[in-house]
Amino acid sequence: MTLNDCLSLYPVQALNRQPLSTGWRIAFATLGEGEDRGFSRVDFDDDSWAPAEVPRLHAATAGHETVWYRVRFPRPRHRQRTLLRFEGAFLVANVWLNGRLLGSHYGYFAPFSFDVSSFLLEENVLAVCVETPVELDLAAKRHVLGIFGDWDCKPYPSRELGQLPEDYTWQVPIGLWQPVLLEQVGHVVAEWVHCDAELERADVARLALRVRLRNLDGRIMTGEVQVRILGGDDMAPLEMRRAIRLPAHGVIDVTMELALPSPRPWWPHSHGTPSLYRADLSIVADEREAAVISKTFGIRDVRLDVRPDGWVFHLNGRALFPRGANYASEFFLDSTTAATASRDLELARAANMDMLRVHAHLEPEVVYAEADTQGMLLWQDFPLIFSYAHRADARAAAFFREAVLSQVEEMVHLLYDHPSVVCYAIHHAPSWCDAFAFLGERHVEQLNRDIDEEAAALARALDPARPAFAASGDRDQHLGLGWEEGHWRELAEQRPTFVSEVGAQALPSANSPVWRSLNARWPVADDDPSWRYAGYQPNEWARSGIGLPSTHPSRDACIRASQEYQAHLLRFAIERFRAQKFADCGGVLVFQLVDGFPGVTKSILDHARRPKRAYHAVREAFAPVLLVAELPEAHAEADGLLIRLPRGRPACLRVVCINDDPNRHGVALLRWRVSRRGGPGLSWWRRLRARFARRRFRGETRIELPESTEPASVIAEPVLRLQADGLYRLTAELESKGQVIATLDQPFLVGDPPRRGRWLSEAPEPEAVLAPAERSAVAR
C-alpha cells in the first residue's frame, strides 16, 4: 500500500522560490462532490467561492471534513525545472494542475513536491483538496493526528466527547497550514541530507555528510556536489567536491567525509555553549547549478542507559539529569511563528529547564531551529496517542501500519540534523502499557504494540545515533498522584526511572486575557460546560483538595487555591525526584509548559503566556544547585499543603544537596536553622527551656559539593525534639566562594496548632505580564 504519490524532498534547495500567497479561493465539499462538480477543471467558475488566506488552518467538524482550494498563477520566467512545493497540508492533500491529477500526500508535518515542468501553461489553475477525517470513536481511530485528534488538553477534551451541550463542537485542524511555493531547480535534486558529526579526539571531529540525489530527467546526468563547512570566525571554511553520475530517473547516495579541527561540541544551555556548524551544498548537473542547500548541525553524542533502577542520559560522555516540561505551542500550528518559539524557549530557560518533550506531535521547523540555537534538549514524540484500530479489519489495520511507518521515516529525515533532538518515543500512553491497559482489548493492544515496536526499530535503523523507544509511559512514568489518583504526599513514595509527566490543573491568573474566552462570571456552576470545554476536570478538583468553585467565595479565591495547589504539588514532586538523582530517577518533566489554546489545564503558563504561581515554584525547584528538606516519614501526616510532625518526638531533618551545574564543585559552607512561627503561647518554663535549646536548632558545617554527574548528597541531618505546637521553618543557605548558591525555606507543622486557613504556601503573586524586559528579569 502506497499512501504518497509525490516527491519527498526534505531540505529547502531551490535556486529561486515564488510563494503562492494571494488569489486563493476556498469552498467546503467532499472529495467526490468536488470531482463530480469539476472543481479541478480549468474552466470551473469559482467566483462564488470565498477568498482564502494561505497558509492558514481551519476547524474540521463532523460532516465538514474536506476543503477545496483554487488559485491561478502565470508560468514562471526561467528555463529550468519548476517544482510545486507544499510545506505542509493538514492532513491529506490531493493536487490537480490544469485539470491533471498530480498526486497526493498523507500526513500534516512533512513537505512534499511535484515536478510540474511539463504541465505548465501561460496561465495555470491549481486545485487542492485537503481532508482531515473527524473520528469520534477514539478507540478505533486510525489516522495519525496525535494530540489534535484525541487529548484532554485540546478544545473539547476527549473525556468530554458527547457530554457537552450541542453548541460545543468537536473539531480538528484542516487546511494548507504552511506556504505553497513554485521552486526553480535543475535536473538533479536532493531528497535528504544527513550530517553525522562525531568526536574522534578532543582536537578533531569526523563529519560524514550523506546526500541522497534524484535525477528528475530522462537522460544520464553528470556533475558534482560541492560542500563548504562553516564553523564560526575562528575556523577557516572547509571545502570538498565529489563527482556524480546519475542514471535516467535514478537515485544515488553520496557520502563525503571531512575532518573538523578544534571541534566545538553542542551542549544544552545548562551545560555549556550550543555551538553550531553550517554545511553549504551546491549540486551541479548538466554544467549548471541545479540546487543549493544550507544545513545547520552540531557535534554531539547522545546515549541513554535504560536500567531497571533508573535512566541516565549521557551527552558528549557526560551524565546529565534533564529538567523540563511537556510542550505543545499551539493547537492550530499556523499560529506558531519564530517569535512564538523564541519566546517559549526563553520562558523555559528562565524556569531553569533544559529539556522539552514535544508531546505526541511535531512542531513547525522554527521550534527545532530555535531549540538548536538556544540549547534546549528535545524529547520528540511521534503523533500517536492512546488506542488505535479497535476491532479494525485487515485493510484498516494495514492502512494504519503504512501511515505510521511512512511518517516515522518523514520525521527522522526532517529532524536528523537538529542536535537538540535527543530521543524519539513512538506512542504516547498506548493501551499495551500496563498503566493504560484500560484503553483497549488484548488484540488491539497487540496490534498497537507490534506497529509501535516496528516503528521504533525503523527509527533506530534510519538514525542509529538517537535512542528510540516504542512508547512513552512504558518504562518512563506518567504520574497522576495528587490529581487523577491518590494523595500528593504519595509522590514521595515513588521510585520512578524517569518522570515524563506530573502535574495538576490551575486556573489562569485573574488579570490574564485568557478570561476573555472563558466564563468569568461568578458564581459559576461546578460543571460549567465552557470550563469543561476548556479542559476543566471537576472530579479531580473535588478530590484533590482544591475544591469545586462552589466552595470558594469568589473567583479570585478559586484562582488562588488552584494555583497554590498546583505550585505545591509540582515543587514537592520535583524536589523529591531530584533528591533521587541517578539513584532511582533520571529526569523530571512537568506537565505542561504552555496552553495551546485558552484553556483550564495543567500548564504553568496560560495561552497568553502569563505565569501561574507554579511557574515560579518550578523555576525555584529546577535551580541548578538545590537544597531539599526531607522530613521524617514515620509518624508524619499531611495537613492541607504541609507536613505535620508529632510534638515531643525526636525528628531527623535531612538536608539534601543536588548539583546539576558542571561549573560548581569544591567546598561550600552550609548554614541551617529551625525557627517557630505562630501557635499558642508557651508557659514561662517552656519559653525558658526553648531559649536554652535554641543553640541546638541551628548549625554550620563545611561540605563537599557533589559533582553534576553524581547523585544527590545528604549534607546535614539534625535531630531535634520540638516541644511546642506551631508552624516551623527549616531554613538554610549554601555559600561557595563568598556567594550564596542555594537557599532552603521549608515550612512544616508540629503538634496541633490553631488553624489558620488551609496552611497554604506563601508564594508571591504571579507576575502580571512577561514582556521581554521582565522575562530577562525572571531569568536573572
# chains A, B, ... in the order shown; residues from 1 in each chain; ligands from 1
$ closest_atom_pairs --of "region 174-241 of chain A" --to "region 326-340 of chain A" --cutoff "12 Å" --atoms "only C-alpha atoms" --output "Markdown table"
| residue | atom | partner | partner_atom | distance |
| --- | --- | --- | --- | --- |
| A:Ile174 | CA | A:Phe332 | CA | 9.1 |
| A:Gly175 | CA | A:Asp334 | CA | 9.8 |
| A:Leu176 | CA | A:Asp334 | CA | 9.1 |
| A:Trp177 | CA | A:Asp334 | CA | 5.4 |
| A:Gln178 | CA | A:Asp334 | CA | 7.0 |
| A:Pro179 | CA | A:Asp334 | CA | 10.0 |
$ write_last_selection --atoms "N, CA, C and O atoms" --output "compact mmCIF listing (two decimals), in the first residue's frame"
# COMPACT_ATOMS: atom_id res chain seq x y z
N ILE A 174 -7.57 21.55 9.91
CA ILE A 174 -7.60 21.18 8.50
C ILE A 174 -7.09 22.36 7.68
O ILE A 174 -7.32 23.52 8.05
N GLY A 175 -6.40 22.06 6.56
CA GLY A 175 -6.05 23.14 5.64
C GLY A 175 -4.58 23.17 5.26
O GLY A 175 -3.75 22.39 5.73
N LEU A 176 -4.27 24.12 4.38
CA LEU A 176 -2.89 24.39 3.96
C LEU A 176 -2.27 25.31 5.01
O LEU A 176 -2.46 26.52 4.98
N TRP A 177 -1.55 24.72 5.96
CA TRP A 177 -1.09 25.49 7.12
C TRP A 177 0.34 25.99 6.97
O TRP A 177 0.82 26.75 7.80
N GLN A 178 1.01 25.59 5.89
CA GLN A 178 2.35 26.07 5.57
C GLN A 178 2.35 26.61 4.15
O GLN A 178 1.44 26.33 3.37
N PRO A 179 3.37 27.39 3.77
CA PRO A 179 3.37 28.02 2.45
C PRO A 179 3.33 27.02 1.29
O PRO A 179 3.80 25.89 1.40
$ closest_atom_pairs --of "region 346-376 of chain A" --to "region 399-418 of chain A" --cutoff "9 Å" --atoms "only C-alpha atoms" --output "tab-separated table"
residue	atom	partner	partner_atom	distance
A:Leu362	CA	A:Met411	CA	8.1
A:Glu365	CA	A:Leu414	CA	8.6
A:Tyr368	CA	A:His418	CA	6.8
A:Ala369	CA	A:His418	CA	7.3
A:Ala371	CA	A:His418	CA	8.5
A:Asp372	CA	A:His418	CA	6.4
$ residues_around --residues "Glu717 (chain A)" --least-positions-apart "2" --cutoff "7 Å" --atoms "only C-alpha atoms" --output "list in words"
Cys652, Leu653, Arg654, Val655 and Val719 of chain A
$ residues_around --residues "region 713-715 of chain A" --least-positions-apart "4" --cutoff "8 Å" --atoms "only C-alpha atoms" --output "list of chain:residue names"
A:Arg654, A:Val655, A:Val656, A:Cys657, A:Ile658, A:Ile703, A:Pro706
$ closest_residue --among "A:Arg532, A:Arg303, A:His78, A:Lys612" --to "Gln566 (chain A)" --atoms "only C-alpha atoms"
A:Lys612
$ closest_residue --among "A:Gly223, A:Gly310, A:Gly375, A:Gly324" --to "Ser282 (chain A)" --atoms "only C-alpha atoms"
A:Gly223
$ residues_around --residues "region 101-110 of chain A" --least-positions-apart "2" --cutoff "9 Å" --atoms "only C-alpha atoms" --output "PyMOL selection string"
chain A and resi 3-6+8+10+40+86-99+112+114-116+143-145+177+361-364+403+406-407+410-411+414
$ write_last_selection --atoms "N, CA, C and O atoms" --output "short mmCIF file (atom, residue, chain, number, x, y, z; two decimals), in the first residue's frame"
data_model
loop_
_atom_site.label_atom_id
_atom_site.label_comp_id
_atom_site.auth_asym_id
_atom_site.auth_seq_id
_atom_site.Cartn_x
_atom_site.Cartn_y
_atom_site.Cartn_z
N LEU A 3 0.82 5.36 0.25
CA LEU A 3 -0.02 6.50 0.61
C LEU A 3 0.33 7.75 -0.16
O LEU A 3 -0.53 8.58 -0.43
N ASN A 4 1.61 7.91 -0.49
CA ASN A 4 2.09 9.17 -1.07
C ASN A 4 2.52 8.98 -2.52
O ASN A 4 3.35 8.12 -2.82
N ASP A 5 1.96 9.79 -3.39
CA ASP A 5 2.33 9.79 -4.81
C ASP A 5 2.87 11.18 -5.14
O ASP A 5 2.20 12.01 -5.74
N CYS A 6 4.11 11.44 -4.68
CA CYS A 6 4.69 12.77 -4.80
C CYS A 6 6.20 12.65 -4.58
O CYS A 6 6.72 11.56 -4.31
N SER A 8 9.32 13.45 -2.19
CA SER A 8 9.67 13.79 -0.80
C SER A 8 11.06 14.41 -0.80
O SER A 8 12.07 13.70 -0.80
N TYR A 10 13.09 16.79 1.41
CA TYR A 10 13.01 17.40 2.73
C TYR A 10 13.75 18.73 2.85
O TYR A 10 13.21 19.68 3.41
N SER A 40 -11.74 20.72 -10.09
CA SER A 40 -10.34 20.70 -10.52
C SER A 40 -10.16 21.18 -11.96
O SER A 40 -9.01 21.35 -12.41
N PHE A 86 4.65 22.03 -1.35
CA PHE A 86 3.77 22.28 -0.22
C PHE A 86 4.57 22.04 1.05
O PHE A 86 5.04 20.93 1.30
N GLU A 87 4.71 23.06 1.87
CA GLU A 87 5.48 22.90 3.11
C GLU A 87 4.69 22.14 4.17
O GLU A 87 5.27 21.60 5.11
N GLY A 88 3.36 22.08 4.04
CA GLY A 88 2.56 21.32 4.98
C GLY A 88 1.08 21.45 4.69
O GLY A 88 0.58 22.56 4.49
N ALA A 89 0.38 20.30 4.64
CA ALA A 89 -1.07 20.28 4.44
C ALA A 89 -1.67 19.34 5.48
O ALA A 89 -1.19 18.23 5.68
N PHE A 90 -2.71 19.78 6.14
CA PHE A 90 -3.31 19.04 7.25
C PHE A 90 -4.65 18.48 6.80
O PHE A 90 -5.61 19.21 6.64
N LEU A 91 -4.79 17.19 6.54
CA LEU A 91 -3.93 16.06 6.80
C LEU A 91 -3.61 15.33 5.48
O LEU A 91 -2.51 14.89 5.25
N VAL A 92 -4.64 15.21 4.60
CA VAL A 92 -4.49 14.51 3.32
C VAL A 92 -4.70 15.53 2.20
O VAL A 92 -5.69 16.26 2.22
N ALA A 93 -3.78 15.55 1.25
CA ALA A 93 -3.89 16.51 0.14
C ALA A 93 -3.90 15.77 -1.19
O ALA A 93 -3.07 14.89 -1.43
N ASN A 94 -4.87 16.13 -2.04
CA ASN A 94 -4.90 15.69 -3.44
C ASN A 94 -4.75 16.94 -4.30
O ASN A 94 -5.44 17.95 -4.07
N VAL A 95 -3.86 16.88 -5.30
CA VAL A 95 -3.44 18.09 -6.02
C VAL A 95 -3.67 17.91 -7.53
O VAL A 95 -3.27 16.89 -8.11
N TRP A 96 -4.31 18.94 -8.14
CA TRP A 96 -4.50 18.98 -9.59
C TRP A 96 -3.88 20.26 -10.14
O TRP A 96 -3.95 21.32 -9.50
N LEU A 97 -3.28 20.17 -11.32
CA LEU A 97 -2.78 21.34 -12.04
C LEU A 97 -3.36 21.32 -13.44
O LEU A 97 -3.16 20.35 -14.19
N ASN A 98 -4.10 22.36 -13.77
CA ASN A 98 -4.73 22.48 -15.09
C ASN A 98 -5.57 21.25 -15.42
O ASN A 98 -5.57 20.74 -16.55
N GLY A 99 -6.29 20.77 -14.41
CA GLY A 99 -7.19 19.63 -14.59
C GLY A 99 -6.52 18.28 -14.52
O GLY A 99 -7.21 17.25 -14.55
N PHE A 112 6.07 18.23 0.73
CA PHE A 112 6.01 17.34 -0.44
C PHE A 112 5.96 18.19 -1.69
O PHE A 112 5.55 19.36 -1.65
N PHE A 114 5.89 18.33 -6.34
CA PHE A 114 5.58 17.74 -7.65
C PHE A 114 6.42 18.46 -8.70
O PHE A 114 6.56 19.68 -8.65
N ASP A 115 6.95 17.68 -9.64
CA ASP A 115 7.66 18.28 -10.78
C ASP A 115 6.60 18.63 -11.83
O ASP A 115 6.03 17.76 -12.48
N VAL A 116 6.34 19.92 -11.98
CA VAL A 116 5.27 20.38 -12.88
C VAL A 116 5.83 21.00 -14.15
O VAL A 116 5.09 21.66 -14.90
N HIS A 143 -6.20 7.40 12.01
CA HIS A 143 -5.43 8.46 11.36
C HIS A 143 -4.42 9.04 12.34
O HIS A 143 -4.69 9.18 13.54
N VAL A 144 -3.25 9.41 11.82
CA VAL A 144 -2.12 9.83 12.64
C VAL A 144 -2.21 11.34 12.86
O VAL A 144 -1.62 12.14 12.14
N LEU A 145 -2.99 11.70 13.89
CA LEU A 145 -3.18 13.10 14.24
C LEU A 145 -2.57 13.46 15.58
O LEU A 145 -2.41 14.64 15.89
N TRP A 177 -1.55 24.72 5.96
CA TRP A 177 -1.09 25.49 7.12
C TRP A 177 0.34 25.99 6.97
O TRP A 177 0.82 26.75 7.80
N HIS A 361 3.20 15.02 18.92
CA HIS A 361 3.00 15.76 17.68
C HIS A 361 4.36 16.28 17.23
O HIS A 361 5.35 16.14 17.94
N LEU A 362 4.43 16.86 16.05
CA LEU A 362 5.61 17.56 15.59
C LEU A 362 5.30 19.04 15.48
O LEU A 362 4.21 19.44 15.05
N GLU A 363 6.27 19.86 15.87
CA GLU A 363 6.15 21.30 15.80
C GLU A 363 6.65 21.81 14.44
O GLU A 363 7.33 21.09 13.71
N PRO A 364 6.35 23.06 14.09
CA PRO A 364 6.95 23.65 12.89
C PRO A 364 8.47 23.72 13.01
O PRO A 364 9.03 23.73 14.11
N ALA A 403 0.53 4.13 7.37
CA ALA A 403 0.51 5.54 7.75
C ALA A 403 1.56 5.83 8.81
O ALA A 403 2.25 6.86 8.77
N SER A 406 5.37 5.24 7.23
CA SER A 406 5.78 6.26 6.26
C SER A 406 6.08 7.58 6.95
O SER A 406 7.02 8.30 6.57
N GLN A 407 5.32 7.91 7.99
CA GLN A 407 5.55 9.19 8.66
C GLN A 407 6.69 9.14 9.67
O GLN A 407 7.30 10.17 9.95
N GLU A 410 9.49 10.07 7.54
CA GLU A 410 9.50 11.52 7.31
C GLU A 410 10.01 12.26 8.54
O GLU A 410 10.80 13.21 8.42
N MET A 411 9.57 11.87 9.72
CA MET A 411 10.01 12.54 10.95
C MET A 411 11.52 12.46 11.11
O MET A 411 12.18 13.47 11.43
N LEU A 414 13.37 14.71 8.65
CA LEU A 414 13.19 16.14 8.94
C LEU A 414 14.04 16.59 10.13
O LEU A 414 14.56 17.71 10.14
#
$ residues_around --residues "Glu637 (chain A)" --least-positions-apart "2" --cutoff "12 Å" --atoms "only C-alpha atoms" --output "CSV table (one decimal) with all heavy atoms, in the first residue's frame"
chain,number,residue,atom,x,y,z
A,487,HIS,N,-2.9,10.7,46.9
A,487,HIS,CA,-2.6,12.0,47.6
A,487,HIS,C,-1.3,12.5,47.1
A,487,HIS,O,-0.4,11.7,46.8
A,487,HIS,CB,-2.7,11.7,49.1
A,487,HIS,CG,-2.7,13.0,49.9
A,487,HIS,ND1,-1.5,13.7,50.2
A,487,HIS,CD2,-3.7,13.7,50.5
A,487,HIS,CE1,-1.8,14.8,51.0
A,487,HIS,NE2,-3.2,14.8,51.1
A,488,TRP,N,-1.1,13.8,47.2
A,488,TRP,CA,0.2,14.4,46.7
A,488,TRP,C,1.3,13.9,47.5
A,488,TRP,O,2.4,13.7,47.0
A,488,TRP,CB,0.1,15.9,46.7
A,488,TRP,CG,-0.1,16.5,48.1
A,488,TRP,CD1,-1.3,17.0,48.5
A,488,TRP,CD2,0.8,16.8,49.1
A,488,TRP,NE1,-1.2,17.5,49.8
A,488,TRP,CE2,0.1,17.4,50.2
A,488,TRP,CE3,2.2,16.6,49.3
A,488,TRP,CZ2,0.7,17.8,51.4
A,488,TRP,CZ3,2.8,16.9,50.5
A,488,TRP,CH2,2.1,17.5,51.5
A,489,ARG,N,1.1,13.5,48.8
A,489,ARG,CA,2.2,13.1,49.6
A,489,ARG,C,2.7,11.7,49.1
A,489,ARG,O,3.9,11.3,49.4
A,489,ARG,CB,1.8,13.0,51.1
A,489,ARG,CG,3.0,12.7,52.0
A,489,ARG,CD,2.6,12.8,53.5
A,489,ARG,NE,3.7,12.4,54.3
A,489,ARG,CZ,3.6,11.4,55.2
A,489,ARG,NH1,2.5,10.8,55.3
A,489,ARG,NH2,4.7,11.1,55.9
A,490,GLU,N,1.9,10.9,48.4
A,490,GLU,CA,2.3,9.6,47.9
A,490,GLU,C,3.4,9.7,46.9
A,490,GLU,O,4.1,8.7,46.5
A,490,GLU,CB,1.1,8.8,47.4
A,490,GLU,CG,0.1,8.5,48.5
A,490,GLU,CD,-1.1,7.8,47.9
A,490,GLU,OE1,-1.0,6.9,47.0
A,490,GLU,OE2,-2.3,8.3,48.2
A,631,LEU,N,11.7,15.5,55.5
A,631,LEU,CA,11.1,15.4,56.8
A,631,LEU,C,10.9,13.9,57.1
A,631,LEU,O,10.7,13.1,56.2
A,631,LEU,CB,9.8,16.2,57.0
A,631,LEU,CG,9.9,17.7,56.6
A,631,LEU,CD1,8.5,18.3,56.7
A,631,LEU,CD2,10.9,18.4,57.5
A,632,PRO,N,11.0,13.5,58.4
A,632,PRO,CA,10.8,12.1,58.7
A,632,PRO,C,9.4,11.6,58.3
A,632,PRO,O,8.4,12.2,58.6
A,632,PRO,CB,11.0,12.0,60.2
A,632,PRO,CG,10.7,13.4,60.7
A,632,PRO,CD,11.2,14.3,59.6
A,633,GLU,N,9.4,10.4,57.6
A,633,GLU,CA,8.2,9.9,57.1
A,633,GLU,C,7.4,9.2,58.2
A,633,GLU,O,6.1,9.3,58.3
A,633,GLU,CB,8.4,8.8,56.0
A,633,GLU,CG,9.1,9.4,54.8
A,633,GLU,CD,8.1,10.4,54.1
A,633,GLU,OE1,6.9,10.1,54.1
A,633,GLU,OE2,8.6,11.4,53.5
A,634,ALA,N,8.0,8.6,59.2
A,634,ALA,CA,7.3,7.9,60.3
A,634,ALA,C,6.6,8.9,61.1
A,634,ALA,O,7.2,9.9,61.5
A,634,ALA,CB,8.3,7.1,61.1
A,635,HIS,N,5.4,8.6,61.5
A,635,HIS,CA,4.5,9.5,62.4
A,635,HIS,C,4.2,10.8,61.8
A,635,HIS,O,3.5,11.6,62.4
A,635,HIS,CB,5.2,9.7,63.7
A,635,HIS,CG,5.8,8.4,64.3
A,635,HIS,ND1,5.0,7.4,64.7
A,635,HIS,CD2,7.0,8.1,64.6
A,635,HIS,CE1,5.7,6.4,65.3
A,635,HIS,NE2,6.9,6.8,65.2
A,639,ASP,N,-1.2,17.9,56.3
A,639,ASP,CA,-2.2,18.8,56.9
A,639,ASP,C,-2.4,19.9,55.8
A,639,ASP,O,-1.5,20.8,55.8
A,639,ASP,CB,-1.8,19.3,58.2
A,639,ASP,CG,-2.9,20.1,58.9
A,639,ASP,OD1,-3.7,20.7,58.2
A,639,ASP,OD2,-2.9,20.2,60.1
A,640,GLY,N,-3.4,19.9,55.0
A,640,GLY,CA,-3.5,20.8,53.9
A,640,GLY,C,-2.4,20.6,52.9
A,640,GLY,O,-2.2,19.5,52.4
A,641,LEU,N,-1.5,21.6,52.8
A,641,LEU,CA,-0.4,21.5,51.9
A,641,LEU,C,0.9,21.4,52.7
A,641,LEU,O,2.0,21.6,52.1
A,641,LEU,CB,-0.3,22.7,51.0
A,641,LEU,CG,-1.6,22.9,50.1
A,641,LEU,CD1,-1.3,24.1,49.1
A,641,LEU,CD2,-1.9,21.7,49.3
A,642,LEU,N,0.9,21.1,54.0
A,642,LEU,CA,2.1,21.0,54.8
A,642,LEU,C,2.1,19.6,55.4
A,642,LEU,O,1.1,18.9,55.5
A,642,LEU,CB,2.1,22.1,55.9
A,642,LEU,CG,2.2,23.5,55.4
A,642,LEU,CD1,2.1,24.4,56.7
A,642,LEU,CD2,3.4,23.8,54.6
A,643,ILE,N,3.4,19.2,55.8
A,643,ILE,CA,3.6,18.0,56.6
A,643,ILE,C,3.5,18.4,58.1
A,643,ILE,O,4.1,19.4,58.5
A,643,ILE,CB,4.9,17.4,56.3
A,643,ILE,CG1,5.0,16.9,54.8
A,643,ILE,CG2,5.2,16.2,57.2
A,643,ILE,CD1,4.0,15.8,54.5
A,644,ARG,N,2.8,17.6,58.9
A,644,ARG,CA,2.7,17.8,60.3
A,644,ARG,C,3.4,16.7,61.1
A,644,ARG,O,3.2,15.5,60.8
A,644,ARG,CB,1.2,17.9,60.7
A,644,ARG,CG,1.0,18.1,62.2
A,644,ARG,CD,-0.3,18.7,62.5
A,644,ARG,NE,-1.4,18.0,62.0
A,644,ARG,CZ,-2.1,17.0,62.6
A,644,ARG,NH1,-1.7,16.6,63.8
A,644,ARG,NH2,-3.1,16.4,62.0
A,645,LEU,N,4.3,17.1,62.0
A,645,LEU,CA,5.1,16.2,62.8
A,645,LEU,C,4.5,16.1,64.2
A,645,LEU,O,4.0,17.1,64.7
A,645,LEU,CB,6.6,16.6,62.9
A,645,LEU,CG,7.3,16.7,61.5
A,645,LEU,CD1,8.7,17.1,61.8
A,645,LEU,CD2,7.3,15.4,60.8
A,646,PRO,N,4.6,15.0,64.9
A,646,PRO,CA,4.1,15.0,66.3
A,646,PRO,C,5.0,15.8,67.2
A,646,PRO,O,6.2,15.9,67.0
A,646,PRO,CB,4.2,13.5,66.6
A,646,PRO,CG,5.2,12.9,65.7
A,646,PRO,CD,5.1,13.7,64.4
A,748,PHE,N,6.8,23.6,58.0
A,748,PHE,CA,6.1,22.3,58.5
A,748,PHE,C,5.4,22.6,59.8
A,748,PHE,O,5.7,23.6,60.5
A,748,PHE,CB,7.1,21.2,58.6
A,748,PHE,CG,8.2,21.4,59.6
A,748,PHE,CD1,8.1,20.8,60.9
A,748,PHE,CD2,9.4,22.0,59.2
A,748,PHE,CE1,9.2,21.0,61.8
A,748,PHE,CE2,10.4,22.2,60.1
A,748,PHE,CZ,10.3,21.7,61.4
A,749,LEU,N,4.5,21.8,60.2
A,749,LEU,CA,3.7,21.9,61.4
A,749,LEU,C,4.2,20.9,62.4
A,749,LEU,O,4.7,19.8,62.1
A,749,LEU,CB,2.3,21.7,61.1
A,749,LEU,CG,1.6,22.6,60.1
A,749,LEU,CD1,0.1,22.1,59.8
A,749,LEU,CD2,1.6,24.0,60.6
A,750,VAL,N,4.1,21.3,63.7
A,750,VAL,CA,4.3,20.4,64.8
A,750,VAL,C,3.1,20.4,65.7
A,750,VAL,O,2.6,21.5,66.1
A,750,VAL,CB,5.6,20.9,65.6
A,750,VAL,CG1,5.8,20.1,66.9
A,750,VAL,CG2,6.8,20.7,64.7
A,751,GLY,N,2.7,19.2,66.2
A,751,GLY,CA,1.6,19.1,67.1
A,751,GLY,C,0.3,19.5,66.4
A,751,GLY,O,0.0,19.2,65.3
A,752,ASP,N,-0.5,20.3,67.2
A,752,ASP,CA,-1.9,20.6,66.7
A,752,ASP,C,-2.1,22.1,66.9
A,752,ASP,O,-2.8,22.5,67.8
A,752,ASP,CB,-2.9,19.8,67.5
A,752,ASP,CG,-4.3,20.0,66.9
A,752,ASP,OD1,-4.4,20.4,65.7
A,752,ASP,OD2,-5.3,19.7,67.5
$ atom_distance --atom1 "CA of Phe591 (chain A)" --atom2 "CA of Ala455 (chain A)"
25.4 Å
$ closest_atom_pairs --of "region 59-137 of chain A" --to "region 149-157 of chain A" --cutoff "9 Å" --atoms "only C-alpha atoms" --output "CSV"
residue,atom,partner,partner_atom,distance
A:Val134,CA,A:Gly149,CA,7.7
A:Glu135,CA,A:Gly149,CA,7.5
A:Leu136,CA,A:Gly149,CA,9.0
$ residues_around --residues "Leu345 (chain A)" --least-positions-apart "6" --cutoff "9 Å" --atoms "only C-alpha atoms" --output "VMD selection string"
chain A and resid 356 367 370 to 371 374 376
$ write_last_selection --atoms "N, CA and C atoms" --output "tab-separated table (two decimals), in the first residue's frame"
chain	number	residue	atom	x	y	z
A	356	LEU	N	12.51	19.92	26.73
A	356	LEU	CA	11.09	19.95	26.46
A	356	LEU	C	10.71	18.66	25.75
A	367	VAL	N	10.58	25.87	15.62
A	367	VAL	CA	10.77	25.46	17.01
A	367	VAL	C	12.08	24.68	17.14
A	370	GLU	N	15.08	27.00	16.74
A	370	GLU	CA	15.27	27.82	17.94
A	370	GLU	C	15.85	26.99	19.08
A	371	ALA	N	15.43	25.75	19.21
A	371	ALA	CA	15.99	24.87	20.24
A	371	ALA	C	17.47	24.62	20.00
A	374	GLN	N	19.18	27.98	21.06
A	374	GLN	CA	19.13	28.31	22.48
A	374	GLN	C	19.65	27.20	23.38
A	376	MET	N	18.30	23.93	23.91
A	376	MET	CA	17.23	23.25	24.62
A	376	MET	C	17.10	21.82	24.10
$ atom_distance --atom1 "CA of Phe321 (chain A)" --atom2 "CA of Glu346 (chain A)"
19.7 Å
$ atom_distance --atom1 "CA of Leu84 (chain A)" --atom2 "CA of Ser113 (chain A)"
5.4 Å
$ closest_residue --among "A:Leu670, A:Ala360, A:Ala50, A:Leu260" --to "Gly146 (chain A)" --atoms "only C-alpha atoms"
A:Ala360
